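What follows is the content of data23.cif, which has mmCIF, C-alpha atoms:
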data_query
#
loop_
_atom_site.group_PDB
_atom_site.id
_atom_site.type_symbol
_atom_site.label_atom_id
_atom_site.label_comp_id
_atom_site.auth_asym_id
_atom_site.auth_seq_id
_atom_site.Cartn_x
_atom_site.Cartn_y
_atom_site.Cartn_z
ATOM 1 C CA MET A 1 14.004 -33.922 4.649
ATOM 2 C CA ALA A 2 15.568 -30.763 3.289
ATOM 3 C CA GLY A 3 15.133 -27.348 4.792
ATOM 4 C CA PRO A 4 16.662 -25.000 7.328
ATOM 5 C CA CYS A 5 16.964 -27.737 9.977
ATOM 6 C CA ALA A 6 18.864 -30.230 7.826
ATOM 7 C CA ARG A 7 22.343 -28.679 8.033
ATOM 8 C CA PRO A 8 25.053 -30.521 10.007
ATOM 9 C CA VAL A 9 26.024 -29.481 13.522
ATOM 10 C CA PRO A 10 29.068 -27.152 13.447
ATOM 11 C CA VAL A 11 31.931 -27.619 15.865
ATOM 12 C CA ARG A 12 31.949 -24.877 18.465
ATOM 13 C CA GLN A 13 34.039 -24.058 21.506
ATOM 14 C CA PRO A 14 32.330 -22.887 24.698
ATOM 15 C CA GLN A 15 33.213 -19.509 26.215
ATOM 16 C CA THR A 16 32.316 -19.000 29.875
ATOM 17 C CA ALA A 17 30.939 -15.982 31.668
ATOM 18 C CA ALA A 18 29.338 -15.758 35.093
ATOM 19 C CA ARG A 19 26.615 -13.155 35.141
ATOM 20 C CA ARG A 20 26.482 -11.641 38.606
ATOM 21 C CA ILE A 21 23.262 -10.290 40.010
ATOM 22 C CA GLY A 22 23.912 -8.757 43.411
ATOM 23 C CA SER A 23 26.763 -10.349 45.347
ATOM 24 C CA MET A 24 30.157 -11.672 44.325
ATOM 25 C CA ALA A 25 29.865 -15.415 43.847
ATOM 26 C CA GLU A 26 31.976 -18.300 42.663
ATOM 27 C CA GLN A 27 32.682 -18.350 38.942
ATOM 28 C CA LEU A 28 32.581 -21.840 37.445
ATOM 29 C CA SER A 29 34.648 -23.001 34.472
ATOM 30 C CA ASP A 30 33.039 -24.206 31.219
ATOM 31 C CA GLU A 31 33.708 -27.788 32.257
ATOM 32 C CA GLU A 32 32.151 -27.289 35.705
ATOM 33 C CA ILE A 33 29.050 -25.640 34.245
ATOM 34 C CA LEU A 34 28.593 -28.357 31.617
ATOM 35 C CA ALA A 35 29.216 -31.111 34.208
ATOM 36 C CA ALA A 36 26.640 -29.626 36.599
ATOM 37 C CA ALA A 37 24.125 -29.251 33.763
ATOM 38 C CA THR A 38 24.711 -32.830 32.615
ATOM 39 C CA GLU A 39 24.331 -34.122 36.182
ATOM 40 C CA LEU A 40 21.035 -32.276 36.654
ATOM 41 C CA ALA A 41 19.757 -33.498 33.266
ATOM 42 C CA ALA A 42 20.663 -37.121 34.027
ATOM 43 C CA GLY A 43 18.071 -37.113 36.817
ATOM 44 C CA GLN A 44 15.274 -35.664 34.671
ATOM 45 C CA VAL A 45 13.274 -37.662 32.131
ATOM 46 C CA GLY A 46 11.781 -34.679 30.338
ATOM 47 C CA GLY A 47 12.335 -31.002 29.758
ATOM 48 C CA THR A 48 10.421 -28.015 28.461
ATOM 49 C CA LEU A 49 10.894 -27.054 24.823
ATOM 50 C CA ALA A 50 9.927 -23.531 23.764
ATOM 51 C CA THR A 51 9.358 -22.851 20.071
ATOM 52 C CA VAL A 52 7.605 -20.181 17.998
ATOM 53 C CA HIS A 53 4.327 -21.036 16.235
ATOM 54 C CA ALA A 54 4.895 -21.584 12.539
ATOM 55 C CA GLU A 55 1.521 -20.009 11.749
ATOM 56 C CA ASP A 56 1.538 -16.770 13.749
ATOM 57 C CA ALA A 57 4.879 -16.491 15.623
ATOM 58 C CA THR A 58 3.361 -16.773 19.103
ATOM 59 C CA PRO A 59 5.327 -18.740 21.733
ATOM 60 C CA TYR A 60 4.612 -22.453 22.141
ATOM 61 C CA VAL A 61 5.827 -24.635 25.017
ATOM 62 C CA THR A 62 5.767 -28.427 25.307
ATOM 63 C CA TYR A 63 7.293 -31.243 27.352
ATOM 64 C CA VAL A 64 9.665 -33.671 25.589
ATOM 65 C CA LEU A 65 11.788 -36.628 26.664
ATOM 66 C CA PHE A 66 15.435 -35.765 26.096
ATOM 67 C CA HIS A 67 19.128 -36.454 26.631
ATOM 68 C CA LEU A 68 21.676 -33.703 27.357
ATOM 69 C CA ARG A 69 25.081 -34.524 25.895
ATOM 70 C CA ALA A 70 28.282 -33.493 27.717
ATOM 71 C CA ASN A 71 28.948 -30.848 25.021
ATOM 72 C CA GLY A 72 25.644 -29.063 25.727
ATOM 73 C CA GLU A 73 23.660 -30.488 22.804
ATOM 74 C CA VAL A 74 20.115 -31.682 23.536
ATOM 75 C CA LEU A 75 18.740 -34.782 21.764
ATOM 76 C CA PHE A 76 15.016 -35.540 21.532
ATOM 77 C CA GLY A 77 12.542 -37.204 19.242
ATOM 78 C CA SER A 78 9.229 -36.020 17.900
ATOM 79 C CA GLY A 79 6.561 -37.112 15.503
ATOM 80 C CA ALA A 80 6.066 -35.201 12.245
ATOM 81 C CA SER A 81 2.614 -33.864 13.131
ATOM 82 C CA PRO A 82 3.089 -32.274 16.603
ATOM 83 C CA GLN A 83 2.985 -28.498 16.699
ATOM 84 C CA HIS A 84 6.563 -28.204 17.989
ATOM 85 C CA SER A 85 7.918 -30.201 15.028
ATOM 86 C CA ARG A 86 6.183 -27.920 12.533
ATOM 87 C CA ASN A 87 7.401 -24.905 14.479
ATOM 88 C CA MET A 88 11.061 -26.024 14.447
ATOM 89 C CA ILE A 89 10.988 -26.686 10.712
ATOM 90 C CA ALA A 90 9.681 -23.149 10.118
ATOM 91 C CA THR A 91 11.760 -21.378 12.809
ATOM 92 C CA PRO A 92 14.589 -23.479 14.251
ATOM 93 C CA GLU A 93 15.514 -21.105 17.104
ATOM 94 C CA VAL A 94 14.435 -22.672 20.416
ATOM 95 C CA SER A 95 14.908 -22.552 24.152
ATOM 96 C CA PHE A 96 15.014 -25.629 26.383
ATOM 97 C CA LEU A 97 14.504 -25.794 30.166
ATOM 98 C CA ILE A 98 15.774 -28.564 32.410
ATOM 99 C CA ASP A 99 14.960 -28.305 36.105
ATOM 100 C CA ASN A 100 14.402 -30.296 39.257
ATOM 101 C CA ARG A 101 11.095 -28.632 40.170
ATOM 102 C CA ASP A 102 10.210 -31.518 42.456
ATOM 103 C CA MET A 103 12.627 -29.908 44.946
ATOM 104 C CA VAL A 104 10.411 -26.831 45.285
ATOM 105 C CA THR A 105 7.996 -28.662 47.596
ATOM 106 C CA THR A 106 10.726 -29.775 50.009
ATOM 107 C CA ASP A 107 13.680 -27.378 49.727
ATOM 108 C CA TRP A 108 13.429 -24.356 47.433
ATOM 109 C CA THR A 109 17.164 -23.645 47.918
ATOM 110 C CA LYS A 110 17.977 -26.797 45.933
ATOM 111 C CA PHE A 111 15.839 -25.826 42.921
ATOM 112 C CA ASP A 112 18.360 -25.905 40.041
ATOM 113 C CA ARG A 113 17.713 -24.918 36.424
ATOM 114 C CA VAL A 114 19.482 -25.096 33.092
ATOM 115 C CA VAL A 115 18.319 -23.057 30.110
ATOM 116 C CA ILE A 116 19.745 -23.876 26.707
ATOM 117 C CA GLU A 117 19.198 -21.359 23.931
ATOM 118 C CA GLY A 118 20.021 -22.507 20.444
ATOM 119 C CA ARG A 119 18.962 -23.863 17.092
ATOM 120 C CA SER A 120 17.124 -27.117 16.443
ATOM 121 C CA VAL A 121 18.457 -29.330 13.683
ATOM 122 C CA LEU A 122 16.608 -32.262 12.158
ATOM 123 C CA VAL A 123 18.935 -35.294 11.987
ATOM 124 C CA GLY A 124 17.849 -37.676 9.233
ATOM 125 C CA ARG A 125 18.199 -41.463 9.364
ATOM 126 C CA GLU A 126 20.866 -41.234 6.641
ATOM 127 C CA ASP A 127 23.024 -38.990 8.858
ATOM 128 C CA GLU A 128 26.032 -40.898 10.242
ATOM 129 C CA ARG A 129 25.234 -39.592 13.758
ATOM 130 C CA TYR A 130 21.627 -40.825 13.769
ATOM 131 C CA HIS A 131 22.120 -44.319 15.244
ATOM 132 C CA ASP A 132 24.606 -43.149 17.888
ATOM 133 C CA TYR A 133 22.221 -40.372 18.963
ATOM 134 C CA VAL A 134 19.262 -42.783 19.176
ATOM 135 C CA ALA A 135 21.431 -45.174 21.230
ATOM 136 C CA GLU A 136 22.240 -42.312 23.629
ATOM 137 C CA LEU A 137 18.522 -41.552 23.988
ATOM 138 C CA ALA A 138 17.728 -45.240 24.557
ATOM 139 C CA ALA A 139 20.415 -45.517 27.243
ATOM 140 C CA LYS A 140 18.658 -42.767 29.178
ATOM 141 C CA ASN A 141 15.027 -43.563 28.355
ATOM 142 C CA GLN A 142 13.580 -46.266 26.084
ATOM 143 C CA MET A 143 10.412 -44.261 25.471
ATOM 144 C CA ALA A 144 12.478 -41.322 24.150
ATOM 145 C CA ALA A 145 14.145 -43.686 21.683
ATOM 146 C CA PHE A 146 10.742 -45.124 20.711
ATOM 147 C CA PHE A 147 9.338 -41.668 19.876
ATOM 148 C CA THR A 148 12.471 -40.905 17.880
ATOM 149 C CA GLU A 149 12.457 -44.162 15.906
ATOM 150 C CA HIS A 150 8.769 -43.624 15.053
ATOM 151 C CA GLY A 151 9.180 -39.953 14.251
ATOM 152 C CA SER A 152 12.079 -37.556 13.834
ATOM 153 C CA LEU A 153 15.318 -36.896 15.697
ATOM 154 C CA PHE A 154 16.240 -33.341 16.623
ATOM 155 C CA VAL A 155 19.403 -31.958 18.174
ATOM 156 C CA ILE A 156 19.604 -28.516 19.711
ATOM 157 C CA GLN A 157 22.891 -26.797 18.878
ATOM 158 C CA PRO A 158 23.505 -24.580 21.895
ATOM 159 C CA ARG A 159 24.344 -20.907 21.494
ATOM 160 C CA ARG A 160 24.169 -20.362 25.227
ATOM 161 C CA LEU A 161 23.758 -22.605 28.272
ATOM 162 C CA ILE A 162 22.763 -20.966 31.563
ATOM 163 C CA LEU A 163 23.002 -22.786 34.904
ATOM 164 C CA MET A 164 21.141 -21.380 37.910
ATOM 165 C CA LYS A 165 21.639 -23.131 41.252
ATOM 166 C CA GLY A 166 19.089 -22.751 44.030
ATOM 167 C CA LEU A 167 18.712 -19.207 45.279
ATOM 168 C CA ASP A 168 22.224 -18.242 44.154
ATOM 169 C CA PRO A 169 21.902 -14.987 42.188
ATOM 170 C CA VAL A 170 24.721 -15.960 39.793
ATOM 171 C CA ARG A 171 23.834 -17.151 36.314
ATOM 172 C CA HIS A 172 26.685 -19.445 35.233
ATOM 173 C CA THR A 173 26.820 -19.063 31.460
ATOM 174 C CA VAL A 174 28.587 -20.877 28.662
ATOM 175 C CA ASP A 175 28.448 -19.063 25.311
ATOM 176 C CA PHE A 176 29.186 -21.264 22.302
ATOM 177 C CA ASP A 177 30.958 -20.020 19.170
ATOM 178 C CA TRP A 178 29.229 -20.691 15.868
#
So that I can check it, write out the structure of this file as structure tokens.
Amino acid sequence: MAGPCARPVPVRQPQTAARRIGSMAEQLSDEEILAAATELAAGQVGGTLATVHAEDATPYVTYVLFHLRANGEVLFGSGASPQHSRNMIATPEVSFLIDNRDMVTTDWTKFDRVVIEGRSVLVGREDERYHDYVAELAAKNQMAAFFTEHGSLFVIQPRRLILMKGLDPVRHTVDFDW
């Protein structure tokens, strides 16, 4: 499928910044931020994908099964007809939330979140990365691979990854070069 989402993923280097809100807190390296994000994501089956409606540009949010790669890219599958697929084809800029919200009921201080802001890219079956990406999805969750094999594969190219840990006011941020 041709279009704005069909271009290959560029190679980018992360650039770290800790955004302080309030007190002085520990600044994590790129590697530490990405490792913490990957660890959180490994324990979560799904995440929240935010897109913009293709028809009227209003926000649209949905839950998708996913895999977060160590480099900050998010892999997920989708059918051709869901609203979020149509939205990403029209406007590929997205935001993706990974969290452990189940912790809120037992210990709010352990409620961790990762927000990935970036661009969705449709990866066609002819793309040399396709089978490796589907294998990565299957290793995490067979149902995610099923949806992908019976629909389309998307990868989110991160522009920014933000890690928020518990009640810590620091936003650990990795900015990616395009």
Between A:Val123, A:Ile116, A:Ala139, A:Leu167, which is the closest to Val74 (chain A) once you count all atoms listed in the file?
-> A:Ile116
Top pick for closest residue to Asn87 (chain A), considering A:Phe66, A:Tyr60, A:Trp108, A:Phe176 and counting only C-alpha atoms =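 Ranked by minimum distance to Asn87 (chain A), first place goes to A:Tyr60.
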Gap from CA of Val174 (chain A) to CA of Lys140 (chain A) - Å, one decimal |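 Calculated distance between CA of Val174 (chain A) and CA of Lys140 (chain A) is 24.0 Å.
Proximity to Gln157 (chain A) was assessed for A:Gly124, A:Gly77, A:Pro92, A:Gly118 counting all atoms listed in the file; the smallest distance is recorded for A:Gly118.
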Residues picked by the PyMOL selection byres ((chain A and resi 86) around 12) here, as number ranges by chain?
-> A: 3, 5, 51-55, 57, 60, 78-85, 87-92, 120, 122, 152
Residues of the last selection are to be written out with C-alpha atoms, as a compact mmCIF listing (two decimals), in the frame of the given file.
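Written file, part32.txt:
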# COMPACT_ATOMS: atom_id res chain seq x y z
CA GLY A 3 15.13 -27.35 4.79
CA CYS A 5 16.96 -27.74 9.98
CA THR A 51 9.36 -22.85 20.07
CA VAL A 52 7.60 -20.18 18.00
CA HIS A 53 4.33 -21.04 16.24
CA ALA A 54 4.89 -21.58 12.54
CA GLU A 55 1.52 -20.01 11.75
CA ALA A 57 4.88 -16.49 15.62
CA TYR A 60 4.61 -22.45 22.14
CA SER A 78 9.23 -36.02 17.90
CA GLY A 79 6.56 -37.11 15.50
CA ALA A 80 6.07 -35.20 12.24
CA SER A 81 2.61 -33.86 13.13
CA PRO A 82 3.09 -32.27 16.60
CA GLN A 83 2.98 -28.50 16.70
CA HIS A 84 6.56 -28.20 17.99
CA SER A 85 7.92 -30.20 15.03
CA ASN A 87 7.40 -24.90 14.48
CA MET A 88 11.06 -26.02 14.45
CA ILE A 89 10.99 -26.69 10.71
CA ALA A 90 9.68 -23.15 10.12
CA THR A 91 11.76 -21.38 12.81
CA PRO A 92 14.59 -23.48 14.25
CA SER A 120 17.12 -27.12 16.44
CA LEU A 122 16.61 -32.26 12.16
CA SER A 152 12.08 -37.56 13.83
What is the distance, in Å and to one decimal place, between CA of Glu31 (chain A) and CA of Asn71 (chain A)?
-> 9.2 Å
I would like the residues chosen by the PyMOL selection byres ((chain A and resi 98) around 12) on the shown file; could you give them as a ChimeraX atom specification?
-> /A:36-50,63-68,72,74,95-97,99-102,111-117,161-165
Of the listed residues A:Met103, A:Leu75, A:Ala70, A:Leu34, that which approaches Tyr133 (chain A) most closely, counting all atoms listed in the file =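 Ranking A:Met103, A:Leu75, A:Ala70, A:Leu34 by distance to Tyr133 (chain A), first place goes to A:Leu75.
Nearest-residue note for Ala138 (chain A): choosing from A:Asp177, A:Glu32, A:Phe76, A:Val61, the minimum distance belongs to A:Phe76, counting only C-alpha atoms.
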Suppose you want the space between CA of Arg119 (chain A) and CA of Arg69 (chain A); what is it in Å?
-> 15.1 Å
Which one of A:Phe147, A:Leu153, A:Asp107, A:Thr62 sits closest to Asp132 (chain A) if you count only C-alpha atoms?
->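 With only C-alpha atoms as the atom set, the closest residue is A:Leu153.
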Put a box with edges along x, y and z around all the listed atoms of region 87-106 of chain A, pad it by 4 Å on each side, then give me its centre and sizes in Å, one decimal, as JSON.
{"center_x": 11.6, "center_y": -26.3, "center_z": 30.1, "size_x": 16.4, "size_y": 18.4, "size_z": 47.9}
Write region 152-177 of chain A as a PDB file, in the coordinates of the input, completed to N, CA and C atoms.
ATOM      1  N   SER A 152      10.889 -38.262  14.287  1.00  0.00           N
ATOM      2  CA  SER A 152      12.079 -37.556  13.834  1.00  0.00           C
ATOM      3  C   SER A 152      13.016 -37.288  15.014  1.00  0.00           C
ATOM      4  N   LEU A 153      14.299 -37.203  14.698  1.00  0.00           N
ATOM      5  CA  LEU A 153      15.318 -36.896  15.697  1.00  0.00           C
ATOM      6  C   LEU A 153      15.755 -35.446  15.529  1.00  0.00           C
ATOM      7  N   PHE A 154      15.756 -34.715  16.618  1.00  0.00           N
ATOM      8  CA  PHE A 154      16.240 -33.341  16.623  1.00  0.00           C
ATOM      9  C   PHE A 154      17.407 -33.225  17.585  1.00  0.00           C
ATOM     10  N   VAL A 155      18.319 -32.333  17.263  1.00  0.00           N
ATOM     11  CA  VAL A 155      19.403 -31.958  18.174  1.00  0.00           C
ATOM     12  C   VAL A 155      19.369 -30.441  18.287  1.00  0.00           C
ATOM     13  N   ILE A 156      19.497 -29.956  19.507  1.00  0.00           N
ATOM     14  CA  ILE A 156      19.604 -28.516  19.711  1.00  0.00           C
ATOM     15  C   ILE A 156      21.084 -28.171  19.776  1.00  0.00           C
ATOM     16  N   GLN A 157      21.524 -27.323  18.858  1.00  0.00           N
ATOM     17  CA  GLN A 157      22.891 -26.797  18.878  1.00  0.00           C
ATOM     18  C   GLN A 157      22.871 -25.608  19.831  1.00  0.00           C
ATOM     19  N   PRO A 158      23.589 -25.679  20.933  1.00  0.00           N
ATOM     20  CA  PRO A 158      23.505 -24.580  21.895  1.00  0.00           C
ATOM     21  C   PRO A 158      24.269 -23.333  21.454  1.00  0.00           C
ATOM     22  N   ARG A 159      23.654 -22.197  21.624  1.00  0.00           N
ATOM     23  CA  ARG A 159      24.344 -20.907  21.494  1.00  0.00           C
ATOM     24  C   ARG A 159      24.776 -20.441  22.868  1.00  0.00           C
ATOM     25  N   ARG A 160      23.911 -20.777  23.856  1.00  0.00           N
ATOM     26  CA  ARG A 160      24.169 -20.362  25.227  1.00  0.00           C
ATOM     27  C   ARG A 160      23.560 -21.400  26.156  1.00  0.00           C
ATOM     28  N   LEU A 161      24.266 -21.732  27.220  1.00  0.00           N
ATOM     29  CA  LEU A 161      23.758 -22.605  28.272  1.00  0.00           C
ATOM     30  C   LEU A 161      23.895 -21.835  29.580  1.00  0.00           C
ATOM     31  N   ILE A 162      22.792 -21.725  30.311  1.00  0.00           N
ATOM     32  CA  ILE A 162      22.763 -20.966  31.563  1.00  0.00           C
ATOM     33  C   ILE A 162      22.383 -21.908  32.691  1.00  0.00           C
ATOM     34  N   LEU A 163      23.234 -21.964  33.721  1.00  0.00           N
ATOM     35  CA  LEU A 163      23.002 -22.786  34.904  1.00  0.00           C
ATOM     36  C   LEU A 163      22.661 -21.857  36.066  1.00  0.00           C
ATOM     37  N   MET A 164      21.546 -22.126  36.722  1.00  0.00           N
ATOM     38  CA  MET A 164      21.141 -21.380  37.910  1.00  0.00           C
ATOM     39  C   MET A 164      20.950 -22.387  39.037  1.00  0.00           C
ATOM     40  N   LYS A 165      21.651 -22.179  40.145  1.00  0.00           N
ATOM     41  CA  LYS A 165      21.639 -23.131  41.252  1.00  0.00           C
ATOM     42  C   LYS A 165      20.923 -22.536  42.456  1.00  0.00           C
ATOM     43  N   GLY A 166      19.826 -23.170  42.847  1.00  0.00           N
ATOM     44  CA  GLY A 166      19.089 -22.751  44.030  1.00  0.00           C
ATOM     45  C   GLY A 166      18.749 -21.280  44.025  1.00  0.00           C
ATOM     46  N   LEU A 167      18.994 -20.634  45.145  1.00  0.00           N
ATOM     47  CA  LEU A 167      18.712 -19.207  45.279  1.00  0.00           C
ATOM     48  C   LEU A 167      19.923 -18.347  44.962  1.00  0.00           C
ATOM     49  N   ASP A 168      21.009 -18.977  44.506  1.00  0.00           N
ATOM     50  CA  ASP A 168      22.224 -18.242  44.154  1.00  0.00           C
ATOM     51  C   ASP A 168      21.896 -17.255  43.035  1.00  0.00           C
ATOM     52  N   PRO A 169      22.240 -15.977  43.211  1.00  0.00           N
ATOM     53  CA  PRO A 169      21.902 -14.987  42.188  1.00  0.00           C
ATOM     54  C   PRO A 169      22.778 -15.053  40.938  1.00  0.00           C
ATOM     55  N   VAL A 170      23.816 -15.888  40.938  1.00  0.00           N
ATOM     56  CA  VAL A 170      24.721 -15.960  39.793  1.00  0.00           C
ATOM     57  C   VAL A 170      24.134 -16.857  38.710  1.00  0.00           C
ATOM     58  N   ARG A 171      24.211 -16.362  37.493  1.00  0.00           N
ATOM     59  CA  ARG A 171      23.834 -17.151  36.314  1.00  0.00           C
ATOM     60  C   ARG A 171      25.138 -17.604  35.674  1.00  0.00           C
ATOM     61  N   HIS A 172      25.462 -18.875  35.806  1.00  0.00           N
ATOM     62  CA  HIS A 172      26.685 -19.445  35.233  1.00  0.00           C
ATOM     63  C   HIS A 172      26.404 -19.706  33.763  1.00  0.00           C
ATOM     64  N   THR A 173      27.137 -19.039  32.882  1.00  0.00           N
ATOM     65  CA  THR A 173      26.820 -19.063  31.460  1.00  0.00           C
ATOM     66  C   THR A 173      27.974 -19.572  30.629  1.00  0.00           C
ATOM     67  N   VAL A 174      27.647 -20.443  29.685  1.00  0.00           N
ATOM     68  CA  VAL A 174      28.587 -20.877  28.662  1.00  0.00           C
ATOM     69  C   VAL A 174      28.036 -20.372  27.336  1.00  0.00           C
ATOM     70  N   ASP A 175      28.807 -19.525  26.647  1.00  0.00           N
ATOM     71  CA  ASP A 175      28.448 -19.063  25.311  1.00  0.00           C
ATOM     72  C   ASP A 175      29.227 -19.898  24.315  1.00  0.00           C
ATOM     73  N   PHE A 176      28.545 -20.409  23.305  1.00  0.00           N
ATOM     74  CA  PHE A 176      29.186 -21.264  22.302  1.00  0.00           C
ATOM     75  C   PHE A 176      29.452 -20.456  21.047  1.00  0.00           C
ATOM     76  N   ASP A 177      30.622 -20.640  20.453  1.00  0.00           N
ATOM     77  CA  ASP A 177      30.958 -20.020  19.170  1.00  0.00           C
ATOM     78  C   ASP A 177      30.255 -20.773  18.061  1.00  0.00           C
TER      79      ASP A 177
END
